[in-house]
Amino acid sequence: MSASPDIDGFAEISEPEQLAARIKEFALNAGADVVGIAPVQRWDKDVPEGHRPDDVLPGARSVIVVGARGPTAGAWQSPNHRFMEVNGYDFRNDRVIHIVADYIEKELDHYAIQAPALSVSGHNPVMSMMHAAVLAGLGTRSLAANIILNPRYGLLYYSACVTTLELPGDAMLEQNVCPHPMCVATYRKIGKTPCIAACPSDDGGCLDGDIDEQGQISYSWYDRERCTTRAMNFGINSFQKAMAEIVTEEDAETRSNMVHSDFFTRSCNAISSFRESVAQCFECMRVCPITRPERKLK
């Protein structure tokens, strides 16, 4: 699909529903797999002040959320899981949302900004892209580390555009995507869903949960800190940790070995390319039946 679709005539569209439809078409042509829109009022119920769209852009009226697949289907199939880290991501969702924001400002004369998904101070992001995806009707939370699962694609990566342009919102999903019927059947048989069995808390893993008689999640548990030690081994934190040890190491030979070690090299790569800093563990998603149909190719 073209990254720069023809936008001639878009600015003349006046009906809000038609305008929303064309913006979605524009985003899909730019590379998104799904697009949803949410009015900013949806953030007022559960999101504290300081993390709402109008805290990012005063006068904001709408949030456009795009979702895109990160790793290719081939990356999921590779026997070397490190290829998932270094080759699987292209962050097309961020690229798409920049294109959408530029279009809104240049063609529709309204303010637009990519919602900041990372922290600008402290450790919490300004806005949660997971929550934005739920509010825009693109998915629901799962037993697998609260990952947002889309009913068609399963795991997607999300970016959002906050804008002063008023657009009609999409309905939020009424039915939870997780658990899948197969997962319910597995839970009935062995007491675990596939994702929990891949990383069970009772065996040093990150996940636990229960499914009730109606086949819905009644309890879920996710150990983020434990997961981080497995899935986020390289990035700014590992770089800082290594540097603190390197500069205080008195032995020159040991210090040189630390600088040229695989661990420090990958930590530097994670900072420079932002690829290896994302995740090194996909096992809960690798076994998720919701994510698998779209990855079955020849």
# chains A, B, ... in the order shown; residues from 1 in each chain; ligands from 1

call {"tool": "select_by_dssp", "arguments": {"residues": "region 96-276 of chain A", "states": "alpha helix (DSSP H)", "output": "MDAnalysis selection string"}}
result
chainID A and resid 96:108 129:135 181:190 194:198 224:231 236:248 252:259 262:273

call {"tool": "select_by_dssp", "arguments": {"residues": "region 40-209 of chain A", "states": "strand (DSSP E or B)", "output": "list in words"}}
result
Ser62, Val63, Ile64, Val65, Val66, Gly67, Ala68, Ala112, Ile113, Gln114, Thr140, Arg141, Ile148, Leu149, Asn150, Gly154, Leu155, Tyr157, Tyr158, Ser159, Ala160, Cys161, Val162, Thr163, Pro200, Leu207, Asp208 and Gly209 of chain A

call {"tool": "write_last_selection", "arguments": {"atoms": "N, CA, C and O atoms", "output": "tab-separated table (two decimals), in the first residue's frame"}}
result
chain	number	residue	atom	x	y	z
A	62	SER	N	-10.97	14.61	19.69
A	62	SER	CA	-11.00	13.23	19.21
A	62	SER	C	-9.61	12.61	19.30
A	62	SER	O	-8.59	13.31	19.27
A	63	VAL	N	-9.61	11.28	19.39
A	63	VAL	CA	-8.36	10.52	19.35
A	63	VAL	C	-8.51	9.44	18.28
A	63	VAL	O	-9.44	8.63	18.32
A	64	ILE	N	-7.62	9.47	17.31
A	64	ILE	CA	-7.60	8.47	16.24
A	64	ILE	C	-6.52	7.45	16.60
A	64	ILE	O	-5.36	7.80	16.82
A	65	VAL	N	-6.90	6.19	16.67
A	65	VAL	CA	-5.97	5.12	17.06
A	65	VAL	C	-5.77	4.18	15.89
A	65	VAL	O	-6.73	3.73	15.27
A	66	VAL	N	-4.51	3.90	15.57
A	66	VAL	CA	-4.19	2.94	14.51
A	66	VAL	C	-3.47	1.75	15.12
A	66	VAL	O	-2.71	1.89	16.08
A	67	GLY	N	-3.72	0.59	14.57
A	67	GLY	CA	-3.03	-0.63	14.99
A	67	GLY	C	-2.37	-1.28	13.79
A	67	GLY	O	-2.93	-1.28	12.69
A	68	ALA	N	-1.18	-1.83	14.01
A	68	ALA	CA	-0.46	-2.48	12.92
A	68	ALA	C	0.30	-3.68	13.46
A	68	ALA	O	0.72	-3.69	14.62
A	112	ALA	N	-3.10	18.66	15.51
A	112	ALA	CA	-2.96	17.22	15.70
A	112	ALA	C	-1.57	16.92	16.24
A	112	ALA	O	-0.60	17.60	15.90
A	113	ILE	N	-1.48	15.92	17.10
A	113	ILE	CA	-0.20	15.53	17.67
A	113	ILE	C	-0.22	14.03	17.95
A	113	ILE	O	-1.26	13.48	18.33
A	114	GLN	N	0.91	13.38	17.72
A	114	GLN	CA	1.00	11.98	18.11
A	114	GLN	C	0.95	11.88	19.62
A	114	GLN	O	1.70	12.57	20.33
A	140	THR	N	-9.68	-5.78	23.31
A	140	THR	CA	-9.90	-5.86	24.76
A	140	THR	C	-8.69	-6.52	25.41
A	140	THR	O	-7.87	-7.17	24.75
A	141	ARG	N	-8.59	-6.36	26.72
A	141	ARG	CA	-7.46	-6.91	27.46
A	141	ARG	C	-7.53	-8.43	27.54
A	141	ARG	O	-8.61	-9.01	27.53
A	148	ILE	N	-3.54	-6.11	24.65
A	148	ILE	CA	-4.80	-5.86	23.96
A	148	ILE	C	-4.86	-6.73	22.71
A	148	ILE	O	-3.97	-6.66	21.86
A	149	LEU	N	-5.91	-7.54	22.61
A	149	LEU	CA	-6.07	-8.42	21.47
A	149	LEU	C	-7.19	-7.93	20.57
A	149	LEU	O	-8.31	-7.67	21.03
A	150	ASN	N	-6.87	-7.80	19.30
A	150	ASN	CA	-7.86	-7.44	18.30
A	150	ASN	C	-8.58	-8.71	17.85
A	150	ASN	O	-7.95	-9.76	17.72
A	154	GLY	N	-5.40	-10.29	16.60
A	154	GLY	CA	-4.75	-10.61	17.86
A	154	GLY	C	-3.82	-9.50	18.28
A	154	GLY	O	-4.22	-8.35	18.45
A	155	LEU	N	-2.52	-9.83	18.42
A	155	LEU	CA	-1.53	-8.85	18.85
A	155	LEU	C	-1.29	-7.80	17.77
A	155	LEU	O	-0.94	-8.12	16.63
A	157	TYR	N	0.27	-3.46	17.39
A	157	TYR	CA	0.98	-2.36	18.03
A	157	TYR	C	0.25	-1.07	17.69
A	157	TYR	O	-0.10	-0.83	16.53
A	158	TYR	N	0.03	-0.24	18.71
A	158	TYR	CA	-0.89	0.89	18.57
A	158	TYR	C	-0.19	2.24	18.73
A	158	TYR	O	0.73	2.38	19.53
A	159	SER	N	-0.68	3.19	17.97
A	159	SER	CA	-0.31	4.59	18.12
A	159	SER	C	-1.58	5.42	18.00
A	159	SER	O	-2.57	4.97	17.41
A	160	ALA	N	-1.54	6.61	18.56
A	160	ALA	CA	-2.74	7.44	18.58
A	160	ALA	C	-2.41	8.88	18.20
A	160	ALA	O	-1.31	9.38	18.46
A	161	CYS	N	-3.37	9.52	17.57
A	161	CYS	CA	-3.28	10.93	17.21
A	161	CYS	C	-4.36	11.70	17.97
A	161	CYS	O	-5.55	11.37	17.86
A	162	VAL	N	-3.96	12.69	18.73
A	162	VAL	CA	-4.90	13.56	19.45
A	162	VAL	C	-5.12	14.80	18.59
A	162	VAL	O	-4.16	15.43	18.12
A	163	THR	N	-6.38	15.14	18.36
A	163	THR	CA	-6.68	16.25	17.46
A	163	THR	C	-7.85	17.09	17.98
A	163	THR	O	-8.71	16.60	18.71
A	200	PRO	N	3.78	-19.93	33.46
A	200	PRO	CA	2.95	-20.05	34.67
A	200	PRO	C	3.61	-19.48	35.92
A	200	PRO	O	4.81	-19.68	36.15
A	207	LEU	N	2.41	-15.24	34.58
A	207	LEU	CA	0.97	-15.19	34.34
A	207	LEU	C	0.20	-16.16	35.21
A	207	LEU	O	0.66	-17.26	35.54
A	208	ASP	N	-1.01	-15.74	35.57
A	208	ASP	CA	-1.96	-16.60	36.25
A	208	ASP	C	-3.35	-16.02	36.02
A	208	ASP	O	-3.50	-14.84	35.68
A	209	GLY	N	-4.37	-16.85	36.19
A	209	GLY	CA	-5.73	-16.36	36.01
A	209	GLY	C	-6.75	-17.46	36.11
A	209	GLY	O	-6.41	-18.65	36.13

call {"tool": "residues_around", "arguments": {"residues": "Val120 (chain A)", "least_positions_apart": "5", "cutoff": "12 Å", "atoms": "only C-alpha atoms", "output": "PyMOL selection string"}}
result
chain A and resi 50-51+56+115+125-127

call {"tool": "residues_around", "arguments": {"residues": "Arg230 (chain A)", "least_positions_apart": "2", "cutoff": "12 Å", "atoms": "only C-alpha atoms", "output": "PyMOL selection string"}}
result
chain A and resi 199+204-206+223-228+232-234+277-283

call {"tool": "closest_residue", "arguments": {"among": "A:Met285, A:Met129, A:Leu156, A:Val259", "to": "Gly70 (chain A)", "atoms": "only C-alpha atoms"}}
result
A:Leu156

call {"tool": "residues_around", "arguments": {"residues": "Cys183 (chain A)", "least_positions_apart": "3", "cutoff": "7 Å", "atoms": "only C-alpha atoms", "output": "number ranges by chain"}}
result
A: 179-180, 186-187, 193-194

call {"tool": "write_last_selection", "arguments": {"atoms": "N, CA, C and O atoms", "output": "PDB file, in the first residue's frame"}}
result
ATOM      1  N   PRO A 179     -11.163 -14.808  26.794  1.00  0.00           N
ATOM      2  CA  PRO A 179     -10.465 -15.957  26.239  1.00  0.00           C
ATOM      3  C   PRO A 179     -11.139 -16.533  24.999  1.00  0.00           C
ATOM      4  O   PRO A 179     -12.354 -16.485  24.864  1.00  0.00           O
ATOM      5  N   HIS A 180     -10.324 -17.105  24.135  1.00  0.00           N
ATOM      6  CA  HIS A 180     -10.789 -17.817  22.940  1.00  0.00           C
ATOM      7  C   HIS A 180     -11.460 -19.120  23.394  1.00  0.00           C
ATOM      8  O   HIS A 180     -11.074 -19.695  24.419  1.00  0.00           O
ATOM      9  N   THR A 186      -9.198 -25.616  27.051  1.00  0.00           N
ATOM     10  CA  THR A 186      -7.913 -26.020  27.630  1.00  0.00           C
ATOM     11  C   THR A 186      -7.900 -25.773  29.130  1.00  0.00           C
ATOM     12  O   THR A 186      -7.395 -26.602  29.903  1.00  0.00           O
ATOM     13  N   TYR A 187      -8.459 -24.644  29.534  1.00  0.00           N
ATOM     14  CA  TYR A 187      -8.519 -24.331  30.965  1.00  0.00           C
ATOM     15  C   TYR A 187      -9.367 -25.354  31.713  1.00  0.00           C
ATOM     16  O   TYR A 187      -9.016 -25.788  32.816  1.00  0.00           O
ATOM     17  N   THR A 193      -4.764 -21.759  30.631  1.00  0.00           N
ATOM     18  CA  THR A 193      -4.896 -21.437  29.220  1.00  0.00           C
ATOM     19  C   THR A 193      -3.529 -21.614  28.560  1.00  0.00           C
ATOM     20  O   THR A 193      -2.509 -21.733  29.256  1.00  0.00           O
ATOM     21  N   PRO A 194      -3.440 -21.641  27.226  1.00  0.00           N
ATOM     22  CA  PRO A 194      -2.130 -21.797  26.580  1.00  0.00           C
ATOM     23  C   PRO A 194      -1.120 -20.739  26.993  1.00  0.00           C
ATOM     24  O   PRO A 194       0.055 -21.048  27.203  1.00  0.00           O
TER      25      PRO A 194
END

call {"tool": "residues_around", "arguments": {"residues": "Pro39 (chain A)", "least_positions_apart": "6", "cutoff": "9 Å", "atoms": "only C-alpha atoms", "output": "PDB file with C-alpha atoms, in the first residue's frame"}}
result
ATOM      1  CA  ALA A  60      -8.690  18.127  21.944  1.00  0.00           C
ATOM      2  CA  ARG A  61     -11.944  16.564  20.774  1.00  0.00           C
ATOM      3  CA  SER A  62     -11.001  13.225  19.213  1.00  0.00           C
ATOM      4  CA  VAL A  63      -8.362  10.515  19.351  1.00  0.00           C
ATOM      5  CA  ILE A  64      -7.597   8.471  16.241  1.00  0.00           C
ATOM      6  CA  LEU A 135     -11.610   3.061  24.024  1.00  0.00           C
ATOM      7  CA  ALA A 136     -11.476   3.224  20.218  1.00  0.00           C
ATOM      8  CA  GLU A 166     -14.377  16.589  16.180  1.00  0.00           C
ATOM      9  CA  LEU A 167     -15.174  13.162  14.769  1.00  0.00           C
ATOM     10  CA  PRO A 168     -17.834  10.546  15.561  1.00  0.00           C
ATOM     11  CA  GLY A 169     -16.513   7.817  17.830  1.00  0.00           C
ATOM     12  CA  ASP A 170     -16.568   4.092  17.138  1.00  0.00           C
TER      13      ASP A 170
END

call {"tool": "closest_residue", "arguments": {"among": "A:Phe264, A:Phe239, A:Trp221, A:Tyr153", "to": "Ala73 (chain A)", "atoms": "only C-alpha atoms"}}
result
A:Tyr153

call {"tool": "closest_residue", "arguments": {"among": "A:Leu118, A:Ala132, A:Ile99, A:Ala231", "to": "Gln41 (chain A)", "atoms": "only C-alpha atoms"}}
result
A:Ala132

call {"tool": "atom_distance", "arguments": {"atom1": "CA of Asp251 (chain A)", "atom2": "CA of Thr229 (chain A)"}}
result
28.0 Å

call {"tool": "closest_residue", "arguments": {"among": "A:Val177, A:Met172, A:Ile271, A:Ala198", "to": "Ile290 (chain A)", "atoms": "only C-alpha atoms"}}
result
A:Val177
